[in-house]
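Trainee: Just so it is clear, I am handing over protein31.txt, which has compact mmCIF, C-alpha atoms.
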```txt
# COMPACT_ATOMS: atom_id res chain seq x y z
CA MET A 14 -29.93 19.97 -10.30
CA ILE A 15 -31.64 23.12 -11.48
CA ILE A 16 -28.70 24.10 -13.65
CA TYR A 17 -29.13 20.97 -15.79
CA GLY A 18 -32.53 22.16 -16.95
CA VAL A 19 -31.31 25.72 -17.48
CA ALA A 20 -28.27 24.45 -19.38
CA MET A 21 -30.45 22.24 -21.54
CA LEU A 22 -32.68 25.20 -22.35
CA SER A 23 -29.61 27.29 -23.18
CA VAL A 24 -28.13 24.66 -25.45
CA CYS A 25 -31.45 24.39 -27.33
CA LEU A 26 -31.62 28.17 -27.78
CA VAL A 27 -28.04 28.58 -28.94
CA ALA A 28 -28.30 25.61 -31.30
CA GLY A 29 -31.59 26.89 -32.74
CA MET A 30 -30.20 30.39 -33.16
CA LEU A 31 -27.13 29.05 -34.97
CA VAL A 32 -29.27 27.04 -37.37
CA GLY A 33 -31.48 30.11 -37.89
CA GLU A 34 -28.47 32.30 -38.68
CA TYR A 35 -27.02 29.75 -41.10
CA LEU A 36 -30.42 29.38 -42.78
CA GLY A 37 -30.45 33.15 -43.22
CA VAL A 38 -26.98 33.14 -44.78
CA LEU A 39 -27.95 30.18 -46.94
CA ILE A 40 -31.00 31.85 -48.48
CA GLY A 41 -29.29 35.23 -48.49
CA VAL A 42 -31.41 37.29 -46.08
CA GLU A 43 -30.24 39.53 -43.26
CA ALA A 44 -32.33 37.84 -40.61
CA ASN A 45 -32.41 34.86 -38.33
CA VAL A 46 -34.80 32.42 -39.99
CA GLY A 47 -36.83 30.63 -37.36
CA GLY A 48 -34.05 30.31 -34.80
CA VAL A 49 -36.41 30.49 -31.84
CA GLY A 50 -38.87 28.11 -33.46
CA ILE A 51 -36.14 25.58 -34.14
CA ALA A 52 -34.92 25.93 -30.55
CA MET A 53 -38.47 25.24 -29.33
CA LEU A 54 -38.68 22.14 -31.51
CA LEU A 55 -35.36 20.93 -30.11
CA LEU A 56 -36.64 21.41 -26.56
CA VAL A 57 -39.89 19.57 -27.32
CA LEU A 58 -37.96 16.72 -28.91
CA ALA A 59 -35.50 16.53 -26.03
CA CYS A 60 -38.34 16.43 -23.49
CA ASN A 61 -39.74 13.39 -25.26
CA MET A 62 -36.45 11.51 -25.37
CA GLU A 63 -35.58 8.88 -22.80
CA ARG A 64 -31.90 9.88 -22.84
CA PHE A 65 -32.64 13.43 -21.70
CA LYS A 66 -35.20 12.54 -19.04
CA PRO A 67 -32.84 13.26 -16.11
CA MET A 68 -32.37 16.78 -17.45
CA VAL A 69 -36.05 17.67 -17.69
CA ASP A 70 -37.63 15.72 -14.83
CA GLY A 71 -38.00 16.86 -11.26
CA VAL A 72 -35.76 19.62 -9.98
CA SER A 73 -33.94 19.94 -13.31
CA GLY A 74 -37.27 20.62 -14.98
CA ASP A 75 -37.88 23.42 -12.48
CA GLY A 76 -34.98 25.25 -14.09
CA ILE A 77 -36.96 25.34 -17.34
CA LYS A 78 -40.31 26.01 -15.66
CA PHE A 79 -38.85 29.03 -13.89
CA TRP A 80 -37.94 30.71 -17.17
CA SER A 81 -41.26 29.73 -18.67
CA ALA A 82 -42.99 31.46 -15.75
CA MET A 83 -40.75 34.52 -16.15
CA TYR A 84 -42.13 34.92 -19.64
CA ILE A 85 -44.87 37.42 -18.83
CA PRO A 86 -42.69 39.71 -16.69
CA ILE A 87 -40.10 39.65 -19.46
CA VAL A 88 -42.78 40.60 -21.98
CA VAL A 89 -43.78 43.50 -19.71
CA ALA A 90 -40.14 44.67 -19.70
CA MET A 91 -40.08 44.19 -23.46
CA ALA A 92 -43.14 46.43 -23.82
CA ALA A 93 -41.41 49.06 -21.69
CA ARG A 94 -38.47 49.25 -24.06
CA GLN A 95 -40.38 49.59 -27.32
CA ASN A 96 -39.93 52.70 -29.40
CA VAL A 97 -43.51 53.88 -28.84
CA VAL A 98 -42.59 57.49 -29.57
CA ALA A 99 -41.43 56.57 -33.07
CA ALA A 100 -44.63 54.61 -33.68
CA VAL A 101 -46.74 57.61 -32.64
CA ASP A 102 -44.54 60.04 -34.59
CA GLY A 103 -44.68 57.93 -37.75
CA GLY A 104 -47.58 59.98 -39.01
CA LEU A 105 -50.94 59.02 -40.39
CA LEU A 106 -49.66 56.79 -43.19
CA ALA A 107 -47.67 54.57 -40.81
CA LEU A 108 -50.60 54.46 -38.41
CA VAL A 109 -53.14 53.49 -41.07
CA ALA A 110 -50.80 50.94 -42.69
CA GLY A 111 -50.08 49.29 -39.33
CA ILE A 112 -53.70 49.23 -38.22
CA ALA A 113 -55.00 47.95 -41.56
CA ALA A 114 -52.45 45.13 -41.64
CA VAL A 115 -53.44 44.02 -38.15
CA VAL A 116 -57.20 44.19 -38.78
CA VAL A 117 -56.99 42.14 -42.00
CA SER A 118 -54.65 39.59 -40.38
CA PHE A 119 -56.94 39.22 -37.37
CA ALA A 120 -59.85 38.53 -39.73
CA LEU A 121 -57.89 35.77 -41.47
CA VAL A 122 -57.20 33.78 -38.28
CA PRO A 123 -60.54 31.93 -38.21
CA VAL A 124 -60.36 31.33 -41.98
CA LEU A 125 -56.92 29.67 -41.97
CA SER A 126 -57.58 27.84 -38.70
CA ARG A 127 -60.02 25.63 -40.60
CA ILE A 128 -57.18 24.02 -42.55
CA GLY A 129 -56.47 20.50 -41.33
CA ALA A 130 -57.94 18.73 -38.33
CA ALA A 131 -60.74 20.25 -36.30
CA PRO A 132 -59.25 22.15 -33.36
CA GLU A 133 -60.11 21.40 -29.77
CA PRO A 134 -60.08 24.34 -27.39
CA ILE A 135 -57.63 24.28 -24.51
CA GLN A 136 -59.73 23.72 -21.38
CA SER A 137 -60.23 27.33 -20.46
CA GLN A 138 -61.55 28.49 -17.13
CA ASP A 139 -60.61 32.12 -16.93
CA GLY A 140 -58.00 32.36 -19.68
CA GLY A 141 -55.76 33.17 -16.79
CA ALA A 142 -52.07 33.73 -16.51
CA GLU A 143 -49.83 32.17 -13.86
CA MET B 7 -28.46 61.37 -5.41
CA ASP B 8 -25.20 60.23 -6.91
CA VAL B 9 -25.00 57.22 -4.60
CA LEU B 10 -28.59 56.32 -5.44
CA GLU B 11 -28.00 56.46 -9.17
CA THR B 12 -24.77 54.46 -9.07
CA THR B 13 -26.36 51.76 -6.95
CA PHE B 14 -29.32 51.51 -9.27
CA SER B 15 -27.31 51.44 -12.46
CA ARG B 16 -24.71 49.02 -11.10
CA ASN B 17 -27.49 46.56 -10.28
CA GLY B 18 -29.51 47.27 -13.39
CA LEU B 19 -30.99 43.86 -14.08
CA VAL B 20 -31.88 43.28 -10.42
CA VAL B 21 -33.58 46.69 -10.26
CA ALA B 22 -35.53 45.69 -13.35
CA PHE B 23 -36.80 42.52 -11.65
CA ALA B 24 -38.06 44.63 -8.75
CA VAL B 25 -39.62 47.32 -10.92
CA VAL B 26 -41.33 44.83 -13.24
CA GLY B 27 -42.52 42.80 -10.26
CA LEU B 28 -44.06 45.89 -8.75
CA THR B 29 -45.69 46.79 -12.06
CA VAL B 30 -47.18 43.31 -12.45
CA TRP B 31 -48.47 43.37 -8.86
CA PHE B 32 -50.04 46.80 -9.39
CA SER B 33 -51.60 45.65 -12.69
CA TYR B 34 -53.20 42.58 -11.13
CA TRP B 35 -54.50 44.77 -8.32
CA LEU B 36 -56.01 47.19 -10.86
CA SER B 37 -57.45 44.27 -12.80
CA ALA B 38 -59.20 42.90 -9.71
CA LYS B 39 -60.35 46.21 -8.22
CA LEU B 40 -61.28 48.26 -11.29
CA THR B 41 -62.34 45.70 -13.86
CA ALA B 42 -63.40 42.80 -11.60
CA GLY B 43 -60.90 40.65 -13.47
CA ARG B 44 -62.46 41.35 -16.84
CA ILE B 45 -59.31 42.88 -18.28
CA HIS B 46 -56.45 40.56 -17.54
CA GLY B 47 -53.65 41.69 -15.25
CA SER B 48 -50.97 40.88 -17.78
CA ALA B 49 -52.78 42.91 -20.45
CA ILE B 50 -52.77 45.89 -18.09
CA ALA B 51 -49.11 45.32 -17.23
CA ILE B 52 -48.14 45.26 -20.91
CA THR B 53 -50.14 48.42 -21.57
CA LEU B 54 -48.49 50.13 -18.59
CA GLY B 55 -45.15 49.07 -20.04
CA LEU B 56 -45.99 50.66 -23.37
CA VAL B 57 -47.17 53.87 -21.69
CA ALA B 58 -43.95 53.97 -19.66
CA ALA B 59 -41.99 53.41 -22.87
CA TYR B 60 -43.74 56.39 -24.45
CA ILE B 61 -42.99 58.61 -21.46
CA GLY B 62 -39.41 57.36 -21.33
CA GLY B 63 -38.98 58.07 -25.03
CA LEU B 64 -40.35 61.61 -24.65
CA MET B 65 -38.11 62.27 -21.64
CA THR B 66 -34.85 61.03 -23.12
CA GLY B 67 -35.34 61.23 -26.87
CA GLY B 68 -33.88 57.74 -27.10
CA ASN B 69 -35.38 54.80 -28.93
CA THR B 70 -35.59 52.08 -26.30
CA GLY B 71 -38.35 53.46 -24.06
CA VAL B 72 -37.67 53.46 -20.32
CA ALA B 73 -34.37 51.65 -20.90
CA ASP B 74 -32.84 55.02 -21.83
CA ILE B 75 -33.45 56.32 -18.33
CA THR B 76 -30.19 55.58 -16.50
CA PHE B 77 -31.59 53.88 -13.42
CA LEU B 78 -34.02 51.78 -15.47
CA ALA B 79 -31.45 50.60 -18.00
CA GLY B 80 -31.81 47.06 -16.65
CA VAL B 81 -35.35 46.91 -18.01
CA GLY B 82 -33.73 47.07 -21.42
CA VAL B 83 -31.66 43.99 -20.62
CA MET B 84 -34.58 42.10 -19.11
CA GLY B 85 -36.87 42.92 -22.03
CA GLY B 86 -34.17 42.56 -24.66
CA GLY B 87 -33.99 39.91 -27.34
CA MET B 88 -31.86 37.47 -25.36
CA PHE B 89 -34.12 37.05 -22.34
CA ARG B 90 -37.23 37.26 -24.49
CA ASP B 91 -36.11 34.39 -26.70
CA PHE B 92 -34.89 32.39 -23.71
CA ALA B 93 -38.26 32.65 -21.99
CA ILE B 94 -40.20 31.99 -25.20
CA VAL B 95 -38.26 28.77 -25.80
CA ALA B 96 -38.87 27.76 -22.18
CA THR B 97 -42.63 28.00 -22.76
CA ALA B 98 -42.28 25.11 -25.21
CA PHE B 99 -41.58 22.86 -22.21
CA GLY B 100 -44.58 20.56 -22.02
CA VAL B 101 -45.82 21.21 -25.55
CA HIS B 102 -47.08 18.10 -27.30
CA LEU B 103 -45.50 17.19 -30.60
CA SER B 104 -48.86 15.91 -31.83
CA GLU B 105 -50.41 19.40 -31.51
CA LEU B 106 -47.60 20.86 -33.58
CA LYS B 107 -48.03 18.23 -36.28
CA LYS B 108 -51.78 18.75 -36.42
CA ALA B 109 -51.42 22.45 -37.17
CA GLY B 110 -48.21 22.16 -39.18
CA LEU B 111 -49.67 22.73 -42.63
CA ALA B 112 -52.02 25.51 -41.54
CA GLY B 113 -49.08 27.10 -39.73
CA VAL B 114 -46.84 27.09 -42.79
CA ILE B 115 -49.59 28.46 -45.03
CA SER B 116 -50.35 31.19 -42.51
CA ILE B 117 -46.74 32.42 -42.54
CA PHE B 118 -46.78 33.02 -46.28
CA ALA B 119 -50.34 34.31 -46.26
CA GLY B 120 -49.48 36.64 -43.38
CA VAL B 121 -46.44 38.17 -45.08
CA ILE B 122 -48.23 38.65 -48.40
CA VAL B 123 -51.47 40.00 -46.91
CA SER B 124 -49.72 42.50 -44.63
CA PHE B 125 -47.51 43.60 -47.51
CA VAL B 126 -50.44 44.10 -49.87
CA VAL B 127 -52.47 45.98 -47.27
CA GLY B 128 -49.51 48.22 -46.35
CA GLY B 129 -48.74 48.84 -50.02
CA LEU B 130 -52.37 49.68 -50.79
CA VAL B 131 -52.42 52.22 -47.97
CA ALA B 132 -49.29 53.81 -49.45
CA VAL B 133 -51.03 54.01 -52.85
CA LEU B 134 -54.10 55.56 -51.22
CA PHE B 135 -51.82 58.18 -49.70
CA GLY B 136 -50.64 59.06 -53.18
CA TYR B 137 -47.40 57.15 -53.57
CA THR B 138 -46.74 55.84 -57.08
CA ASP B 139 -43.05 54.99 -56.79
CA PRO B 140 -42.58 51.19 -56.56
CA VAL B 141 -39.69 51.61 -54.11
CA ALA B 142 -41.87 53.65 -51.73
CA ILE B 143 -44.84 51.30 -52.01
CA THR B 144 -42.66 48.23 -51.43
CA THR B 145 -40.85 49.76 -48.45
CA ILE B 146 -44.05 50.81 -46.68
CA GLY B 147 -45.71 47.50 -47.52
CA ALA B 148 -42.70 45.67 -46.07
CA GLY B 149 -42.93 47.83 -42.95
CA ALA B 150 -46.48 46.59 -42.46
CA VAL B 151 -45.00 43.08 -42.45
CA THR B 152 -42.67 43.81 -39.50
CA TYR B 153 -40.40 46.63 -38.45
CA ILE B 154 -37.42 44.46 -39.36
CA VAL B 155 -38.63 43.48 -42.84
CA GLY B 156 -39.31 47.17 -43.64
CA PRO B 157 -35.77 48.49 -43.27
CA VAL B 158 -34.16 45.31 -44.63
CA THR B 159 -36.28 45.56 -47.78
CA GLY B 160 -35.94 49.33 -48.03
CA ALA B 161 -32.17 49.17 -47.76
CA ALA B 162 -32.00 46.43 -50.39
CA ILE B 163 -33.98 48.37 -52.98
CA GLY B 164 -32.48 51.79 -52.22
CA ALA B 165 -35.27 53.56 -50.35
CA SER B 166 -34.67 56.97 -48.72
CA SER B 167 -34.19 57.17 -44.96
CA GLU B 168 -37.56 58.94 -44.51
CA LEU B 169 -39.29 56.02 -46.20
CA ILE B 170 -37.40 53.54 -44.04
CA ALA B 171 -38.32 55.47 -40.90
CA MET B 172 -41.95 55.41 -41.98
CA SER B 173 -41.85 51.68 -42.63
CA VAL B 174 -40.34 51.08 -39.19
CA ALA B 175 -43.13 53.19 -37.69
CA ALA B 176 -45.77 51.14 -39.52
CA GLY B 177 -44.21 47.96 -38.15
CA LEU B 178 -44.11 49.38 -34.63
CA VAL B 179 -47.77 50.38 -34.83
CA LYS B 180 -48.56 46.82 -35.90
CA SER B 181 -46.54 45.26 -33.10
CA ILE B 182 -48.06 47.47 -30.40
CA LEU B 183 -51.59 47.03 -31.72
CA VAL B 184 -51.19 43.23 -31.70
CA MET B 185 -50.04 43.39 -28.07
CA ILE B 186 -53.04 45.44 -26.98
CA GLY B 187 -55.66 44.19 -29.42
CA THR B 188 -55.22 40.42 -29.23
CA PRO B 189 -56.92 39.83 -25.86
CA MET B 190 -59.84 41.98 -27.04
CA VAL B 191 -60.48 40.10 -30.26
CA ALA B 192 -59.37 36.63 -29.15
CA ARG B 193 -62.91 35.45 -28.50
CA TYR B 194 -64.18 36.60 -31.90
CA ILE B 195 -61.43 34.99 -33.96
CA GLY B 196 -61.50 31.64 -32.16
CA LEU B 197 -58.10 32.09 -30.55
CA ASN B 198 -58.50 29.40 -27.89
CA ASN B 199 -56.62 26.36 -29.18
CA PRO B 200 -53.08 25.44 -30.25
CA GLN B 201 -54.04 25.28 -33.90
CA SER B 202 -55.51 28.78 -34.16
CA ALA B 203 -52.61 30.06 -32.05
CA MET B 204 -50.15 28.71 -34.63
CA VAL B 205 -52.16 30.30 -37.43
CA PHE B 206 -52.31 33.53 -35.44
CA GLY B 207 -48.53 33.55 -34.95
CA GLY B 208 -47.97 32.94 -38.63
CA LEU B 209 -50.40 35.63 -39.75
CA MET B 210 -49.26 38.36 -37.35
CA GLY B 211 -45.58 37.51 -37.40
CA THR B 212 -44.33 40.30 -35.18
CA THR B 213 -42.52 38.36 -32.45
CA SER B 214 -42.98 41.04 -29.81
CA GLY B 215 -46.61 41.57 -30.75
CA VAL B 216 -47.45 37.88 -30.74
CA ALA B 217 -45.48 37.33 -27.52
CA GLY B 218 -47.30 40.15 -25.74
CA GLY B 219 -50.71 39.54 -27.26
CA LEU B 220 -50.85 35.84 -26.45
CA ALA B 221 -49.39 36.39 -22.97
CA ALA B 222 -52.30 38.70 -22.23
CA THR B 223 -54.83 36.30 -23.77
CA ASP B 224 -53.83 32.86 -22.51
CA PRO B 225 -50.18 32.04 -21.73
CA ARG B 226 -50.73 28.40 -22.65
CA LEU B 227 -51.09 29.46 -26.30
CA VAL B 228 -47.75 31.28 -26.33
CA PRO B 229 -45.47 28.45 -27.49
CA TYR B 230 -47.71 27.63 -30.45
CA GLY B 231 -47.96 31.22 -31.67
CA ALA B 232 -44.30 31.94 -31.05
CA MET B 233 -43.25 28.87 -32.98
CA THR B 234 -44.68 30.09 -36.29
CA ALA B 235 -44.09 33.81 -35.68
CA THR B 236 -40.38 33.24 -35.48
CA PHE B 237 -40.23 32.13 -39.14
CA TYR B 238 -42.24 35.11 -40.35
CA THR B 239 -39.57 37.80 -40.34
CA GLY B 240 -37.17 35.50 -42.20
CA VAL B 241 -39.76 34.75 -44.87
CA GLY B 242 -40.58 38.47 -45.07
CA CYS B 243 -36.94 39.41 -45.57
CA LEU B 244 -36.73 36.76 -48.25
CA LEU B 245 -39.86 37.79 -50.19
CA GLY B 246 -39.75 41.58 -49.66
CA PRO B 247 -36.81 42.70 -51.79
CA SER B 248 -37.35 39.91 -54.32
CA VAL B 249 -40.73 38.56 -55.40
CA LEU B 250 -42.81 41.28 -53.76
CA PHE B 251 -40.70 44.19 -55.06
CA LEU B 252 -40.62 42.73 -58.57
CA THR B 253 -44.40 42.31 -58.51
CA VAL B 254 -44.95 45.92 -57.39
CA ASN B 255 -42.43 47.07 -59.98
CA ALA B 256 -44.34 45.25 -62.71
CA ILE B 257 -47.64 46.87 -61.69
CA PHE B 258 -46.47 50.49 -61.25
```
Produce structure tokens that represent the structure in this file.

Mentor:
Amino acid sequence: MIIYGVAMLSVCLVAGMLVGEYLGVLIGVEANVGGVGIAMLLLVLACNMERFKPMVDGVSGDGIKFWSAMYIPIVVAMAARQNVVAAVDGGLLALVAGIAAVVVSFALVPVLSRIGAAPEPIQSQDGGAE
Amino acid sequence: MDVLETTFSRNGLVVAFAVVGLTVWFSYWLSAKLTAGRIHGSAIAITLGLVAAYIGGLMTGGNTGVADITFLAGVGVMGGGMFRDFAIVATAFGVHLSELKKAGLAGVISIFAGVIVSFVVGGLVAVLFGYTDPVAITTIGAGAVTYIVGPVTGAAIGASSELIAMSVAAGLVKSILVMIGTPMVARYIGLNNPQSAMVFGGLMGTTSGVAGGLAATDPRLVPYGAMTATFYTGVGCLLGPSVLFLTVNAIF
């Protein structure tokens, strides 16, 4: 049943979010610390567990795949609700600070990627979506 | 007119599915016809979304882009935090644990490096613009981390509302630039494997930026980048008002 997969996904998200909120309270910051990341880990773990197989295989898995495929459209909607006006109105200082932070961070990606095992590229044909 | 508006706003989320679907279709058509597929359809769709958000913001004076236009309010729901996080977590379906382990250390380092580097760069820009007050420098630096870390830090150390607004703006610029810029620089920074995607997520940290940027580059990298990015804001909120502010305070 499709709802099993969707429910499983939901439980992972809510559980991860709760842990993230508690982590935030624990270390005293007003933010959710890694809730989504923890939820993702939970989902990955669940997918690899024999006990949860019926909830991620076949039609149930389609319930998760659907939301995974809805990711790009949701990101498009997310872009459409950003406060772009405020970003543009922030003035030169905000613009320069934002741009500089991005440029320097981009430059560091290849440097830090060298830590640990040598990476293997994902087999890329067209870098395509879908 | 009244009937039209009520129908649209009563079915907000469903309208959003239709509008976004149309936008994505149009973007892929533009991508194929105008750029021969060179600029990816999703990159165009995200850019169109940002342009629409700008127009929506100008029209309504609100702060959630097109979502402030009554009959497009559903776009705000669809693109809001709940659905975004739900879909991001769903992308982890099929991720291999071994890939995560391989890049684990680099990922963790990149989160701290990312917060500190963005903060230092943002703070330096503030100094270049003539700020000498540690509170101002810290708040703007924190804004360059993300638009959540900026106001959280600013509020904690007693920054003025203008400073907080500026730090939010810096964070927004960062987030938008990551969305648009990532597909353009991906090839040059080796962003084509799970490991560099995790490092990328940790360095950039802005969840929306990373989500949009990787979606437009290669959706298969999304779960890896999102995984580390989601810890970034928390680490930023932790370091900003404490270690980073104290360091700035000691220097100025």

Trainee: As an MDAnalysis selection string, please: the residues near Thr188 of chain B (cut-off 7 Å, only C-alpha atoms, same-chain neighbours under 2 positions excluded).

Mentor: chainID B and resid 184:186 190:192 219:220 223

Trainee: Just checking: using only C-alpha atoms, which residue out of B:Ala98, B:Ile182, B:Ala24, B:Leu252 ends up closest to Ala92 of chain A?

Mentor: B:Ile182

Trainee: Taking 6 positions as the minimum chain separation for residues in the same chain, which residues sit within 6 Å of segment 71-84 of chain A when counting only C-alpha atoms? Answer as a list in words.

Mentor: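 The residues satisfying every condition are Met14, Ile15, Tyr17, Gly18 and Val19 of chain A; Ala93, Ala96 and Thr97 of chain B.
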
Trainee: Could you list, as an MDAnalysis selection string, every residue of chain A that has an atom within 6 Å of an atom of chain B, counting all atoms listed in the file?

Mentor: chainID A and resid 42 44 46:47 50 53 77 80:81 84 87:100 103 107:108 110:111 114 118 122:123 126 128 134:135 140 142

Trainee: Please enclose the listed atoms of segment 57-63 of chain A in an axis-aligned box, pad each side by 5 Å, and write out the centre and the three edge lengths in Å, rounded to one decimal, as JSON.

Mentor:
```
{"center_x": -37.7, "center_y": 14.2, "center_z": -25.9, "size_x": 14.4, "size_y": 20.7, "size_z": 16.1}
```

Trainee: Could you tell me how far atom CA of Val49 of chain A sits from atom CA of Val32 of chain A, in Å to one decimal place?

Mentor: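 Those two atoms sit 9.7 Å apart.
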
Trainee: One decimal, Å: what's the distance from atom CA of Gly33 of chain A over to atom CA of Met21 of chain A, could you say?

Mentor: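 So the answer is 18.2 Å.
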
Trainee: What separation in Å, quoted to one decimal, exists between atom CA of Leu31 of chain A and atom CA of Ile16 of chain A?

Mentor: 21.9 Å

Trainee: Between B:Ser104, B:Ala165, B:Thr12, B:Thr253, which is the closest to Asn61 of chain A once you count only C-alpha atoms?

Mentor: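 Once distances to Asn61 of chain A are computed over only C-alpha atoms, the minimum belongs to B:Ser104.
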